[in-house]
>>> print(open('entry_23.csv').read())   # CSV, C-alpha atoms and all ligand atoms
chain,number,residue,atom,x,y,z
A,1,MET,CA,-54.1,-43.6,56.5
A,2,HIS,CA,-57.7,-42.6,56.7
A,3,ASP,CA,-58.8,-46.0,58.0
A,4,THR,CA,-62.4,-45.1,58.9
A,5,LEU,CA,-63.2,-43.3,55.7
A,6,ARG,CA,-66.0,-44.9,53.6
A,7,ILE,CA,-67.7,-44.1,50.4
A,8,ASN,CA,-71.5,-43.5,50.2
A,9,GLY,CA,-73.0,-46.5,48.5
A,10,GLN,CA,-76.4,-45.0,48.0
A,11,ARG,CA,-75.0,-42.0,46.2
A,12,LEU,CA,-72.9,-44.2,43.9
A,13,ILE,CA,-76.0,-46.3,43.0
A,14,SER,CA,-78.1,-43.2,42.4
A,15,ARG,CA,-75.5,-42.0,39.9
A,16,LEU,CA,-75.4,-45.4,38.2
A,17,GLU,CA,-79.1,-45.5,37.9
A,18,ARG,CA,-79.3,-41.9,36.7
A,19,LEU,CA,-76.7,-42.6,34.0
A,20,GLY,CA,-78.5,-45.8,33.1
A,21,GLU,CA,-81.6,-43.8,32.2
A,22,ILE,CA,-79.7,-42.5,29.1
A,23,GLY,CA,-80.3,-45.1,26.4
A,24,ALA,CA,-82.5,-47.2,28.8
A,25,LEU,CA,-83.9,-50.3,27.1
A,26,PRO,CA,-87.4,-51.7,27.8
A,27,GLY,CA,-87.0,-54.4,30.4
A,28,GLY,CA,-83.7,-52.9,31.8
A,29,GLY,CA,-80.2,-52.3,30.8
A,30,CYS,CA,-79.1,-49.7,28.3
A,31,CYS,CA,-77.8,-49.0,24.8
A,32,ARG,CA,-75.3,-46.2,24.6
A,33,LEU,CA,-73.1,-47.2,21.6
A,34,ALA,CA,-70.0,-45.1,21.2
A,35,LEU,CA,-70.3,-41.7,19.7
A,36,THR,CA,-74.1,-41.8,19.4
A,37,GLU,CA,-76.6,-39.2,20.7
A,38,GLU,CA,-77.0,-41.3,23.8
A,39,ASP,CA,-73.2,-41.3,24.3
A,40,ARG,CA,-73.3,-37.5,24.0
A,41,GLN,CA,-76.0,-37.2,26.7
A,42,GLY,CA,-74.1,-39.6,28.9
A,43,ARG,CA,-70.9,-37.6,28.5
A,44,GLU,CA,-72.7,-34.4,29.3
A,45,LEU,CA,-74.1,-35.8,32.5
A,46,VAL,CA,-70.8,-37.3,33.7
A,47,ILE,CA,-69.0,-34.1,32.8
A,48,SER,CA,-71.6,-32.0,34.8
A,49,TRP,CA,-70.9,-34.2,37.8
A,50,MET,CA,-67.2,-33.7,37.4
A,51,TYR,CA,-67.7,-29.9,37.5
A,52,GLU,CA,-70.0,-30.2,40.5
A,53,LEU,CA,-67.2,-32.1,42.3
A,54,GLY,CA,-64.7,-29.3,41.5
A,55,LEU,CA,-62.6,-31.3,39.1
A,56,GLN,CA,-60.6,-29.6,36.3
A,57,VAL,CA,-62.2,-31.1,33.2
A,58,SER,CA,-60.3,-31.6,29.9
A,59,SER,CA,-60.7,-33.8,26.8
A,60,ASP,CA,-58.3,-34.9,24.1
A,61,ALA,CA,-58.5,-35.2,20.4
A,62,MET,CA,-59.9,-38.7,20.7
A,63,GLY,CA,-62.8,-37.6,23.0
A,64,ASN,CA,-61.3,-39.2,26.1
A,65,VAL,CA,-62.4,-37.1,29.1
A,66,PHE,CA,-60.3,-36.4,32.3
A,67,GLY,CA,-61.4,-34.8,35.6
A,68,LEU,CA,-58.4,-33.8,37.6
A,69,ARG,CA,-58.3,-33.1,41.3
A,70,PRO,CA,-55.0,-31.3,42.1
A,71,GLY,CA,-52.8,-32.6,44.9
A,72,THR,CA,-50.4,-30.8,47.1
A,73,GLU,CA,-47.7,-31.7,44.6
A,74,ASP,CA,-47.6,-30.9,41.0
A,75,SER,CA,-46.8,-34.4,39.8
A,76,PRO,CA,-48.2,-37.0,37.4
A,77,PRO,CA,-51.7,-38.0,38.6
A,78,VAL,CA,-52.9,-41.3,39.9
A,79,MET,CA,-55.6,-42.2,37.5
A,80,THR,CA,-58.8,-44.2,37.7
A,81,GLY,CA,-61.7,-44.6,35.4
A,82,SER,CA,-63.2,-46.8,32.6
A,83,HIS,CA,-65.8,-46.2,29.9
A,84,ILE,CA,-69.4,-45.1,29.6
A,85,ASP,CA,-70.2,-46.5,26.2
A,86,THR,CA,-72.1,-49.8,26.1
A,87,VAL,CA,-72.9,-52.7,23.7
A,88,ARG,CA,-76.3,-52.6,22.1
A,89,THR,CA,-77.8,-54.8,24.8
A,90,GLY,CA,-75.7,-53.6,27.7
A,91,GLY,CA,-76.2,-53.3,31.5
A,92,ILE,CA,-75.8,-50.2,33.6
A,93,TYR,CA,-72.6,-51.4,35.4
A,94,ASP,CA,-70.0,-52.4,32.7
A,95,GLY,CA,-67.6,-49.5,32.5
A,96,ASN,CA,-69.9,-47.0,34.3
A,97,LEU,CA,-69.0,-48.4,37.7
A,98,GLY,CA,-65.3,-47.6,37.2
A,99,VAL,CA,-66.1,-44.0,36.2
A,100,LEU,CA,-68.8,-43.3,38.8
A,101,GLY,CA,-66.9,-45.2,41.5
A,102,GLY,CA,-64.0,-42.8,40.8
A,103,LEU,CA,-66.3,-39.8,41.2
A,104,GLU,CA,-67.7,-41.3,44.4
A,105,VAL,CA,-64.2,-41.5,45.8
A,106,ILE,CA,-63.6,-37.8,44.8
A,107,GLU,CA,-66.8,-36.8,46.6
A,108,THR,CA,-65.9,-38.8,49.7
A,109,LEU,CA,-62.5,-37.0,49.8
A,110,ASN,CA,-64.1,-33.6,49.2
A,111,GLU,CA,-66.5,-34.2,52.1
A,112,ALA,CA,-63.6,-35.3,54.4
A,113,GLY,CA,-61.5,-32.4,53.3
A,114,ILE,CA,-58.6,-34.6,52.3
A,115,VAL,CA,-56.1,-33.4,49.8
A,116,THR,CA,-53.8,-36.1,48.4
A,117,ARG,CA,-50.1,-35.5,47.7
A,118,ARG,CA,-50.3,-36.5,44.1
A,119,PRO,CA,-53.2,-35.3,41.9
A,120,LEU,CA,-56.1,-37.7,41.2
A,121,CYS,CA,-57.7,-38.1,37.9
A,122,VAL,CA,-61.0,-39.7,36.9
A,123,ALA,CA,-61.1,-40.6,33.2
A,124,PHE,CA,-63.5,-42.1,30.7
A,125,PHE,CA,-62.2,-43.4,27.4
A,126,THR,CA,-63.9,-43.3,24.1
A,127,ASN,CA,-65.3,-46.5,22.5
A,128,GLU,CA,-64.1,-49.1,24.9
A,129,GLU,CA,-66.7,-51.6,23.7
A,130,GLY,CA,-65.7,-51.8,20.1
A,131,ALA,CA,-69.3,-52.9,19.3
A,132,ARG,CA,-69.7,-50.0,16.8
A,133,PHE,CA,-66.1,-49.3,15.8
A,134,ALA,CA,-63.3,-51.9,16.0
A,135,PRO,CA,-60.9,-52.2,17.7
A,136,ASP,CA,-62.3,-52.2,21.2
A,137,MET,CA,-60.5,-50.0,23.7
A,138,MET,CA,-59.8,-47.6,20.9
A,139,GLY,CA,-59.8,-44.4,23.0
A,140,SER,CA,-57.3,-45.7,25.6
A,141,LEU,CA,-55.2,-47.3,22.9
A,142,VAL,CA,-54.9,-43.9,21.1
A,143,TYR,CA,-54.3,-42.2,24.5
A,144,VAL,CA,-51.2,-44.4,25.2
A,145,GLY,CA,-49.9,-44.1,21.6
A,146,GLY,CA,-50.8,-47.6,20.5
A,147,MET,CA,-52.8,-46.4,17.5
A,148,SER,CA,-52.4,-43.2,15.5
A,149,LEU,CA,-55.1,-40.6,16.0
A,150,ASP,CA,-55.5,-40.4,12.2
A,151,ASP,CA,-56.1,-44.2,11.9
A,152,ALA,CA,-58.6,-44.0,14.7
A,153,LEU,CA,-60.5,-41.0,13.3
A,154,ALA,CA,-60.7,-42.7,9.9
A,155,THR,CA,-62.1,-46.0,11.3
A,156,LYS,CA,-65.5,-46.8,9.8
A,157,GLY,CA,-68.2,-48.4,12.1
A,158,ILE,CA,-70.7,-51.1,11.4
A,159,ASP,CA,-73.0,-48.4,10.1
A,160,GLY,CA,-70.4,-47.0,7.7
A,161,GLN,CA,-69.9,-43.8,9.8
A,162,ARG,CA,-66.4,-42.6,10.7
A,163,VAL,CA,-65.1,-42.1,14.2
A,164,GLY,CA,-63.8,-38.6,13.4
A,165,ASP,CA,-67.1,-37.4,11.9
A,166,CYS,CA,-69.1,-38.9,14.9
A,167,LEU,CA,-66.7,-37.2,17.4
A,168,GLU,CA,-67.4,-33.9,15.7
A,169,GLN,CA,-71.1,-34.5,15.4
A,170,ILE,CA,-71.5,-35.0,19.1
A,171,GLY,CA,-69.0,-32.3,20.0
A,172,ALA,CA,-66.7,-34.7,21.8
A,173,ARG,CA,-63.5,-33.9,20.1
A,174,GLY,CA,-61.2,-32.1,22.6
A,175,SER,CA,-58.0,-30.2,22.3
A,176,GLU,CA,-55.5,-32.1,24.5
A,177,PRO,CA,-52.9,-34.1,22.5
A,178,VAL,CA,-52.8,-37.9,22.6
A,179,GLY,CA,-50.0,-40.5,22.5
A,180,ASN,CA,-47.6,-39.7,25.3
A,181,PRO,CA,-49.4,-39.5,28.7
A,182,ASP,CA,-47.7,-39.0,32.0
A,183,VAL,CA,-49.6,-41.0,34.6
A,184,HIS,CA,-48.2,-42.2,37.9
A,185,ALA,CA,-50.4,-45.3,38.2
A,186,TYR,CA,-53.8,-46.5,37.0
A,187,VAL,CA,-56.4,-48.6,38.8
A,188,GLU,CA,-59.8,-49.5,37.3
A,189,LEU,CA,-62.8,-50.8,39.2
A,190,HIS,CA,-65.0,-53.0,37.1
A,191,ILE,CA,-67.7,-55.7,37.4
A,192,GLU,CA,-66.2,-59.2,36.7
A,193,GLN,CA,-68.7,-59.9,33.9
A,194,GLY,CA,-68.1,-63.6,34.5
A,195,PRO,CA,-69.1,-66.3,37.1
A,196,VAL,CA,-65.8,-66.9,39.0
A,197,LEU,CA,-66.2,-64.5,42.0
A,198,GLU,CA,-69.9,-65.5,42.6
A,199,GLU,CA,-69.2,-69.2,42.3
A,200,SER,CA,-66.3,-68.9,44.8
A,201,SER,CA,-68.4,-66.6,47.2
A,202,ILE,CA,-65.6,-64.0,47.0
A,203,THR,CA,-66.3,-60.3,47.1
A,204,ILE,CA,-63.1,-58.8,45.5
A,205,GLY,CA,-61.0,-59.9,42.5
A,206,ALA,CA,-57.5,-58.6,42.4
A,207,VAL,CA,-56.9,-58.8,38.6
A,208,GLU,CA,-53.5,-60.2,37.6
A,209,LYS,CA,-53.8,-60.1,33.9
A,210,VAL,CA,-56.1,-59.7,30.9
A,211,GLN,CA,-56.4,-62.4,28.4
A,212,GLY,CA,-55.3,-61.9,24.7
A,213,ILE,CA,-58.0,-60.9,22.3
A,214,SER,CA,-58.3,-61.7,18.6
A,215,TRP,CA,-61.2,-60.4,16.5
A,216,GLN,CA,-61.4,-61.5,12.9
A,217,GLU,CA,-64.0,-60.8,10.2
A,218,PHE,CA,-64.6,-63.1,7.2
A,219,CYS,CA,-66.7,-62.3,4.2
A,220,PHE,CA,-67.6,-65.2,1.9
A,221,THR,CA,-68.7,-64.7,-1.7
A,222,GLY,CA,-70.4,-67.6,-3.5
A,223,THR,CA,-73.2,-67.9,-6.0
A,224,SER,CA,-76.9,-67.5,-5.2
A,225,ASN,CA,-79.1,-70.0,-6.8
A,226,HIS,CA,-82.4,-71.9,-6.5
A,227,ALA,CA,-82.6,-73.9,-3.3
A,228,GLY,CA,-84.8,-76.6,-4.9
A,229,THR,CA,-83.1,-77.1,-8.2
A,230,THR,CA,-79.4,-76.7,-7.5
A,231,PRO,CA,-77.8,-80.1,-6.7
A,232,MET,CA,-75.7,-80.1,-3.6
A,233,ARG,CA,-72.5,-80.9,-5.6
A,234,LEU,CA,-72.9,-77.8,-7.7
A,235,ARG,CA,-73.3,-75.3,-4.9
A,236,HIS,CA,-71.0,-72.4,-4.0
A,237,ASP,CA,-72.8,-71.7,-0.8
A,238,ALA,CA,-71.5,-68.7,1.2
A,239,GLY,CA,-74.0,-69.4,4.0
A,240,TYR,CA,-72.8,-72.9,4.4
A,241,ALA,CA,-69.2,-71.6,4.7
A,242,ALA,CA,-70.2,-69.2,7.4
A,243,MET,CA,-72.0,-71.8,9.4
A,244,ALA,CA,-69.3,-74.4,9.0
A,245,THR,CA,-66.9,-71.7,10.3
A,246,GLY,CA,-69.2,-71.2,13.3
A,247,SER,CA,-69.2,-74.8,14.3
A,248,PHE,CA,-65.5,-75.1,13.7
A,249,VAL,CA,-64.8,-72.2,16.1
A,250,ARG,CA,-66.7,-74.0,18.8
A,251,GLU,CA,-64.9,-77.2,18.2
A,252,LEU,CA,-61.6,-75.4,18.1
A,253,ALA,CA,-62.1,-73.7,21.4
A,254,ASN,CA,-63.1,-77.0,23.1
A,255,ARG,CA,-60.1,-78.8,21.6
A,256,ILE,CA,-57.5,-76.2,22.5
A,257,GLY,CA,-58.9,-76.2,26.0
A,258,GLY,CA,-57.5,-74.3,29.0
A,259,ASP,CA,-59.2,-71.0,29.0
A,260,GLN,CA,-59.6,-70.8,25.2
A,261,VAL,CA,-62.9,-69.3,24.2
A,262,GLY,CA,-64.4,-68.7,20.7
A,263,THR,CA,-67.5,-66.8,19.6
A,264,VAL,CA,-69.2,-66.0,16.4
A,265,GLY,CA,-71.3,-63.1,17.6
A,266,ALA,CA,-72.3,-61.5,14.3
A,267,LEU,CA,-73.5,-63.2,11.1
A,268,GLN,CA,-75.1,-61.8,8.0
A,269,MET,CA,-76.3,-63.6,4.9
A,270,GLU,CA,-77.4,-62.3,1.5
A,271,PRO,CA,-80.1,-62.4,0.2
A,272,ASN,CA,-81.2,-64.1,3.4
A,273,LEU,CA,-84.2,-65.9,2.0
A,274,VAL,CA,-85.6,-69.3,2.7
A,275,ASN,CA,-85.3,-70.6,-0.9
A,276,VAL,CA,-82.1,-69.0,-2.1
A,277,VAL,CA,-78.6,-70.4,-1.7
A,278,ALA,CA,-76.7,-67.4,-0.1
A,279,ASN,CA,-74.1,-65.7,-2.3
A,280,GLN,CA,-72.8,-63.5,0.5
A,281,ALA,CA,-72.1,-64.3,4.1
A,282,SER,CA,-70.0,-62.4,6.6
A,283,LEU,CA,-69.2,-63.3,10.2
A,284,THR,CA,-67.0,-62.2,13.1
A,285,VAL,CA,-64.9,-64.5,15.2
A,286,ASP,CA,-63.8,-63.5,18.7
A,287,LEU,CA,-61.0,-65.8,20.1
A,288,ARG,CA,-59.4,-65.2,23.6
A,289,ASN,CA,-56.8,-66.9,25.7
A,290,THR,CA,-54.5,-65.9,28.6
A,291,ASP,CA,-51.8,-67.9,26.8
A,292,ASN,CA,-50.6,-66.2,23.7
A,293,ASP,CA,-49.1,-69.3,22.1
A,294,ARG,CA,-52.4,-71.1,22.3
A,295,LEU,CA,-54.2,-68.0,21.0
A,296,LYS,CA,-51.8,-68.0,18.0
A,297,GLN,CA,-52.4,-71.7,17.5
A,298,ALA,CA,-56.2,-71.1,17.5
A,299,GLU,CA,-55.8,-68.2,14.9
A,300,ALA,CA,-53.6,-70.3,12.7
A,301,GLU,CA,-55.9,-73.3,12.7
A,302,LEU,CA,-58.9,-71.0,12.0
A,303,LEU,CA,-57.2,-69.5,8.9
A,304,ASP,CA,-56.1,-72.9,7.7
A,305,PHE,CA,-59.7,-74.2,8.1
A,306,ILE,CA,-61.1,-71.3,6.1
A,307,GLU,CA,-58.6,-71.5,3.3
A,308,ARG,CA,-59.4,-75.2,2.8
A,309,LEU,CA,-63.1,-74.6,3.1
A,310,ALA,CA,-63.2,-71.8,0.5
A,311,GLU,CA,-61.2,-73.9,-1.9
A,312,ARG,CA,-63.4,-77.0,-1.5
A,313,GLU,CA,-66.6,-75.0,-1.8
A,314,GLY,CA,-65.4,-72.8,-4.7
A,315,ILE,CA,-66.0,-69.6,-3.0
A,316,GLU,CA,-64.0,-66.4,-2.4
A,317,VAL,CA,-63.1,-65.2,1.1
A,318,GLN,CA,-62.0,-61.8,2.3
A,319,HIS,CA,-60.4,-61.6,5.7
A,320,ARG,CA,-59.8,-58.6,8.0
A,321,THR,CA,-58.4,-58.5,11.5
A,322,LEU,CA,-60.6,-56.2,13.6
A,323,ALA,CA,-58.6,-56.3,16.8
A,324,ARG,CA,-55.5,-58.2,18.1
A,325,PHE,CA,-54.1,-57.6,21.6
A,326,ASP,CA,-51.7,-59.9,23.4
A,327,PRO,CA,-52.4,-61.0,27.0
A,328,VAL,CA,-51.4,-58.2,29.5
A,329,PRO,CA,-50.0,-58.9,32.9
A,330,PHE,CA,-50.6,-56.2,35.6
A,331,ASP,CA,-48.0,-54.7,38.0
A,332,THR,CA,-47.3,-57.0,40.9
A,333,ASP,CA,-47.0,-54.1,43.5
A,334,MET,CA,-50.4,-52.8,42.3
A,335,ILE,CA,-52.0,-56.2,42.5
A,336,ASP,CA,-50.6,-56.5,46.1
A,337,CYS,CA,-52.0,-53.1,46.9
A,338,VAL,CA,-55.5,-54.2,45.7
A,339,GLU,CA,-55.3,-57.4,47.7
A,340,ALA,CA,-54.1,-55.7,50.9
A,341,SER,CA,-56.8,-53.0,50.6
A,342,ALA,CA,-59.5,-55.6,50.2
A,343,LYS,CA,-58.2,-57.5,53.3
A,344,ALA,CA,-58.0,-54.3,55.3
A,345,PHE,CA,-61.8,-54.1,54.9
A,346,GLY,CA,-62.2,-57.8,55.9
A,347,HIS,CA,-63.3,-58.7,52.4
A,348,SER,CA,-62.6,-62.0,50.8
A,349,VAL,CA,-60.3,-61.6,47.8
A,350,MET,CA,-58.8,-63.7,45.1
A,351,ARG,CA,-56.3,-63.1,42.3
A,352,MET,CA,-57.8,-63.8,38.9
A,353,PRO,CA,-57.4,-63.1,35.2
A,354,SER,CA,-59.9,-60.9,33.3
A,355,GLY,CA,-61.9,-62.6,30.6
A,356,ALA,CA,-63.0,-59.2,29.2
A,357,GLY,CA,-61.0,-56.5,27.6
A,358,HIS,CA,-60.5,-53.3,29.6
A,359,ASP,CA,-59.0,-49.8,29.2
A,360,ALA,CA,-56.6,-50.8,32.0
A,361,GLN,CA,-54.8,-53.2,29.6
A,362,MET,CA,-53.8,-50.1,27.5
A,363,LEU,CA,-52.8,-48.0,30.4
A,364,ALA,CA,-50.5,-50.9,31.5
A,365,ARG,CA,-48.3,-49.9,28.6
A,366,VAL,CA,-47.4,-46.6,30.2
A,367,CYS,CA,-47.7,-46.9,34.0
A,368,PRO,CA,-48.1,-49.5,36.8
A,369,THR,CA,-51.7,-50.7,36.5
A,370,ALA,CA,-54.2,-53.1,38.2
A,371,MET,CA,-57.9,-53.7,38.4
A,372,ILE,CA,-60.5,-54.4,41.1
A,373,PHE,CA,-63.3,-56.8,40.2
A,374,VAL,CA,-66.7,-57.2,42.0
A,375,PRO,CA,-69.1,-60.1,41.4
A,376,SER,CA,-71.6,-60.2,38.5
A,377,VAL,CA,-74.8,-62.1,39.5
A,378,ASP,CA,-75.0,-65.3,37.5
A,379,GLY,CA,-71.9,-64.2,35.6
A,380,ILE,CA,-74.1,-62.2,33.2
A,381,SER,CA,-72.8,-59.2,31.3
A,382,HIS,CA,-73.3,-57.6,27.8
A,383,ASN,CA,-76.9,-58.4,28.6
A,384,ILE,CA,-79.7,-56.2,30.0
A,385,ASN,CA,-79.9,-58.4,33.1
A,386,GLU,CA,-76.3,-57.6,34.1
A,387,TYR,CA,-76.5,-57.0,37.9
A,388,THR,CA,-74.1,-56.5,40.8
A,389,ALA,CA,-75.4,-56.3,44.4
A,390,PRO,CA,-75.3,-52.9,46.1
A,391,GLU,CA,-73.0,-54.2,48.9
A,392,ASP,CA,-70.5,-55.5,46.3
A,393,LEU,CA,-70.6,-52.2,44.4
A,394,GLU,CA,-69.9,-50.4,47.7
A,395,ALA,CA,-67.2,-52.9,48.8
A,396,GLY,CA,-65.4,-52.5,45.4
A,397,THR,CA,-65.6,-48.7,45.6
A,398,ASN,CA,-64.2,-48.7,49.2
A,399,VAL,CA,-61.3,-50.8,47.9
A,400,LEU,CA,-60.8,-48.3,45.1
A,401,LEU,CA,-60.8,-45.4,47.7
A,402,ARG,CA,-58.1,-47.1,49.7
A,403,VAL,CA,-55.9,-48.0,46.8
A,404,LEU,CA,-56.1,-44.5,45.4
A,405,LEU,CA,-55.2,-43.0,48.8
A,406,ASP,CA,-52.3,-45.4,49.1
A,407,LEU,CA,-51.0,-44.5,45.7
A,408,ALA,CA,-51.6,-40.8,45.9
A,409,GLY,CA,-50.3,-40.4,49.4
B,1,LIG,C1,-65.3,-55.5,25.5
B,1,LIG,O1,-66.1,-55.2,26.4
B,1,LIG,C2,-64.9,-56.9,25.4
B,1,LIG,O2,-64.2,-57.4,26.3
B,1,LIG,O3,-65.4,-57.5,24.5
B,2,MN,MN,-66.2,-52.7,30.3
B,3,MN,MN,-68.2,-54.4,27.8
B,4,MN,MN,-64.6,-54.5,27.8
>>> encode(input="entry_23.csv", output="structure tokens", more="lines below")
Ligand code: GLV
Ligand code: MN
Ligand code: MN
Ligand code: MN
Amino acid sequence: MHDTLRINGQRLISRLERLGEIGALPGGGCCRLALTEEDRQGRELVISWMYELGLQVSSDAMGNVFGLRPGTEDSPPVMTGSHIDTVRTGGIYDGNLGVLGGLEVIETLNEAGIVTRRPLCVAFFTNEEGARFAPDMMGSLVYVGGMSLDDALATKGIDGQRVGDCLEQIGARGSEPVGNPDVHAYVELHIEQGPVLEESSITIGAVEKVQGISWQEFCFTGTSNHAGTTPMRLRHDAGYAAMATGSFVRELANRIGGDQVGTVGALQMEPNLVNVVANQASLTVDLRNTDNDRLKQAEAELLDFIERLAEREGIEVQHRTLARFDPVPFDTDMIDCVEASAKAFGHSVMRMPSGAGHDAQMLARVCPTAMIFVPSVDGISHNINEYTAPEDLEAGTNVLLRVLLDLAG
């Protein structure tokens, strides 16, 4: 093993900051929604770095991008990576760290003249966030054959645009096939996006599993009417139904307990005026739990609540599942490898679940997979104030280096 080898933290941070300039928001953070012009520019920059590092670059029909570094053996690669799309109010680390950390490892190996036995591959996957097009992790899901390419390309976003058209528009549609990848192992470096590591004063998280995710959308249709003249008993108030659902979701998450969380993150009302009872209201519900039975219970209770509410209020409801993924356990040998690598550097390390969704949970369907987490200051993410200290970025990327060397031989 190359025990004294270290990545260059300053170089990693320069790349994170440079990529963060694309879609930069006033006050910090960035907005690089999937398949937008900003995403195109981000892709172009990262691909240019891949070429500079001598990687063989390819992309598939879903716009997932791969930078391959051949090994001495022509065998399935050890893959690392993540995503470079962001939510509308994103930080510069979510996803980007996994991709640019991978490139930093490649540059470190290039400088040291090390050629691994197995090839190494740094990937970034299309539309991980799901903020514009649901489901989230769409690119990696299609890559592993969990969603058909046609269904993904036909998916309409919150702005009515289709994934396939947007891929064409930004020139991101590649030629490699999807659905049956041959990958030796996958490891993804990511910020934690929650408070656990920081609260425990621990530098590295060895991620054991990702919690299950359920995204639902409800559209209520009632009757708009005068806010002053319509007696309460005669209302068919779609806005009330949406708000009652919102408070039910919170009560539900608290009642189910454990690590159940529930969020209404998007809510629209029509006509959205002070003196008109709303005739239309739509909202999204995000439910997550590491325990699939409890997650199913939460989903069932939510549907039951909505059915009874709609009947009582005399309103129509349309329901759509936007995303549904079971909890995903990672590979025990891979988790051990992450833990051992952290310890080899003298870093404190703990095993933990992931609260957020990640491309790694899709790759886990086709190869041994694990993740490396580093702390998020104040547990903040999906927020322009998302921040991870330079020494933690560096620590996580050194752990990634060591894990990749271990796996690639
Ligand atoms: C995606 O980033 C999610 O976990 O919501
Ligand atoms: Mn992410
Ligand atoms: Mn995210
Ligand atoms: Mn995510």
>>> residues_around(input="entry_23.csv", residues="Met138 of chain A", least_positions_apart="2", cutoff="8 Å", atoms="only C-alpha atoms", output="list in words")
Thr126, Asn127, Glu128, Gly130, Ala134, Pro135, Asp136, Ser140, Leu141, Val142, Met147 and Ala152 of chain A
>>> residues_near_ligand(input="entry_23.csv", ligand="ligand MN 2 (chain B)", cutoff="8 Å", atoms="only C-alpha atoms and all ligand atoms", output="PDB file with C-alpha atoms, keeping the file's coordinate frame")
ATOM      1  CA  SER A  82     -63.200 -46.800  32.600  1.00  0.00           C
ATOM      2  CA  HIS A  83     -65.800 -46.200  29.900  1.00  0.00           C
ATOM      3  CA  THR A  86     -72.100 -49.800  26.100  1.00  0.00           C
ATOM      4  CA  ASP A  94     -70.000 -52.400  32.700  1.00  0.00           C
ATOM      5  CA  GLY A  95     -67.600 -49.500  32.500  1.00  0.00           C
ATOM      6  CA  ASN A  96     -69.900 -47.000  34.300  1.00  0.00           C
ATOM      7  CA  GLU A 128     -64.100 -49.100  24.900  1.00  0.00           C
ATOM      8  CA  GLU A 129     -66.700 -51.600  23.700  1.00  0.00           C
ATOM      9  CA  HIS A 190     -65.000 -53.000  37.100  1.00  0.00           C
ATOM     10  CA  ILE A 191     -67.700 -55.700  37.400  1.00  0.00           C
ATOM     11  CA  ALA A 356     -63.000 -59.200  29.200  1.00  0.00           C
ATOM     12  CA  GLY A 357     -61.000 -56.500  27.600  1.00  0.00           C
ATOM     13  CA  HIS A 358     -60.500 -53.300  29.600  1.00  0.00           C
ATOM     14  CA  ASP A 359     -59.000 -49.800  29.200  1.00  0.00           C
TER      15      ASP A 359
END
>>> atom_distance(input="entry_23.csv", atom1="atom CA of Gly9 of chain A", atom2="atom CA of Thr116 of chain A")
21.8 Å
>>> closest_residue(input="entry_23.csv", among="A:Arg320, A:Lys296, A:Lys156, A:Arg132", to="ligand MN 3 (chain B)", atoms="all atoms listed in the file")
A:Arg132
>>> residues_around(input="entry_23.csv", residues="segment 174-184 of chain A", least_positions_apart="3", cutoff="9 Å", atoms="only C-alpha atoms", output="VMD selection string")
chain A and resid 58 to 65 75 to 79 118 141 to 149 171 363 366 to 368 407 to 408
>>> atom_distance(input="entry_23.csv", atom1="atom CA of Glu391 of chain A", atom2="atom CA of Leu25 of chain A")
24.7 Å
>>> closest_residue(input="entry_23.csv", among="A:Asp151, A:Gly262, A:Val99, A:Val105", to="Leu405 of chain A", atoms="all atoms listed in the file")
A:Val105
>>> closest_residue(input="entry_23.csv", among="A:Ile204, A:Ala360, A:Leu252, A:Ala278", to="ligand LIG 1 (chain B)", atoms="all atoms listed in the file")
A:Ala360
